[in-house]
Amino acid sequence: MLIFETQLALIEHLNVNSDSKTTIGFVPTMGALHQGHLSLVEKSLLNNDLTIVSIFVNPTQFNNPEDLKKYPRNLESDIDKLQTVGEDIIVYAPTVDDIYEGNTVSKSFNFDGLENQMEGKFRPGHFEGVGTIVKRLFEIVKPTHAYFGEKDFQQLQIIKKLVEKENFPITIVGCPILREVNGLAMSSRNERLSPNERNAAAIIYHTLLEVKHKFSTEPLSEIVVWVAQVFENQIDFKLDYFEIADENTLLTCEAKKPNQKCRAFIAIFVNNIRLIDTISLN
């Protein structure tokens, strides 16, 4: 397994070991790897000549400095996990200075309104930070395929829009959510939960399953009220938002329409640890 800490070293290696016909799969991560990340890496290894995994906690996508400070970091553990998947993985683990070259600020983007919904409303500047780092990584790695989990579905749609607007010759591959035994969506933030909190957090997915069930028979407004009531009765849980939105535009679904694909999105604080999840409703 090759590990590069600078973009210059990575680019030099790729210039020597790839050409215009080489397919490069890319899995951008912020580390604290779990089986969900590894499933993306496995998919890339299966379908590309080269696979690159970046491990970089991006400061510009955190609107909460305390959240950035507490975000789990353990490069050695991440490398060990990647080695269980395969040795033929290239790791890019840069510093902030290597990525931002002394100017750690976000650029402005227009994602046709996708950035203004849900996470964009509740985490100001988040998607400018995401757009900035993903664009920078795409410019460095120059992948042919990039892999993202559907748990961050809004982010996935925004990255597809980024590729479209920047004319990047990259295929964005969305991959299914992997879940723990109790249904909790796998996330790096789960590592910050106590065992009791982790068990109790199963209610998030179970609530989404019930939303999917109710979707076929109940008005959307009543479903939204019901979800709010579920979490009002959970002492250690605070609902940040729940939204039923159009999968393509991410705009709120006010009523059911023929052929419209709707998806439920939820963000929950579990004793100040923020978890998100999503489920397709039809």
# chains A, B, ... in the order shown; residues from 1 in each chain; ligands from 1

$ residues_around --residues "stretch 234-247 of chain A" --least-positions-apart "5" --cutoff "9 Å" --atoms "only C-alpha atoms" --output "MDAnalysis selection string"
chainID A and resid 118:119 122 153:154 157 197 201 220 224 227:228 252:254 260:272 274 280:281

$ residues_around --residues "stretch 171-183 of chain A" --least-positions-apart "2" --cutoff "6 Å" --atoms "only C-alpha atoms" --output "ChimeraX atom specification"
/A:36,145-151,185-186,202,205

$ residues_around --residues "stretch 84-86 of chain A" --least-positions-apart "2" --cutoff "8 Å" --atoms "only C-alpha atoms" --output "PyMOL selection string"
chain A and resi 38+41-42+80-82+88-89

$ select_by_dssp --residues "stretch 129-274 of chain A" --states "helix (DSSP H, G or I)" --output "MDAnalysis selection string"
chainID A and resid 129:141 150:166 188:192 195:200 202:215 220:232

$ closest_residue --among "A:Tyr71, A:Phe56, A:Phe62, A:Tyr92" --to "A:Leu10" --atoms "only C-alpha atoms"
A:Tyr92
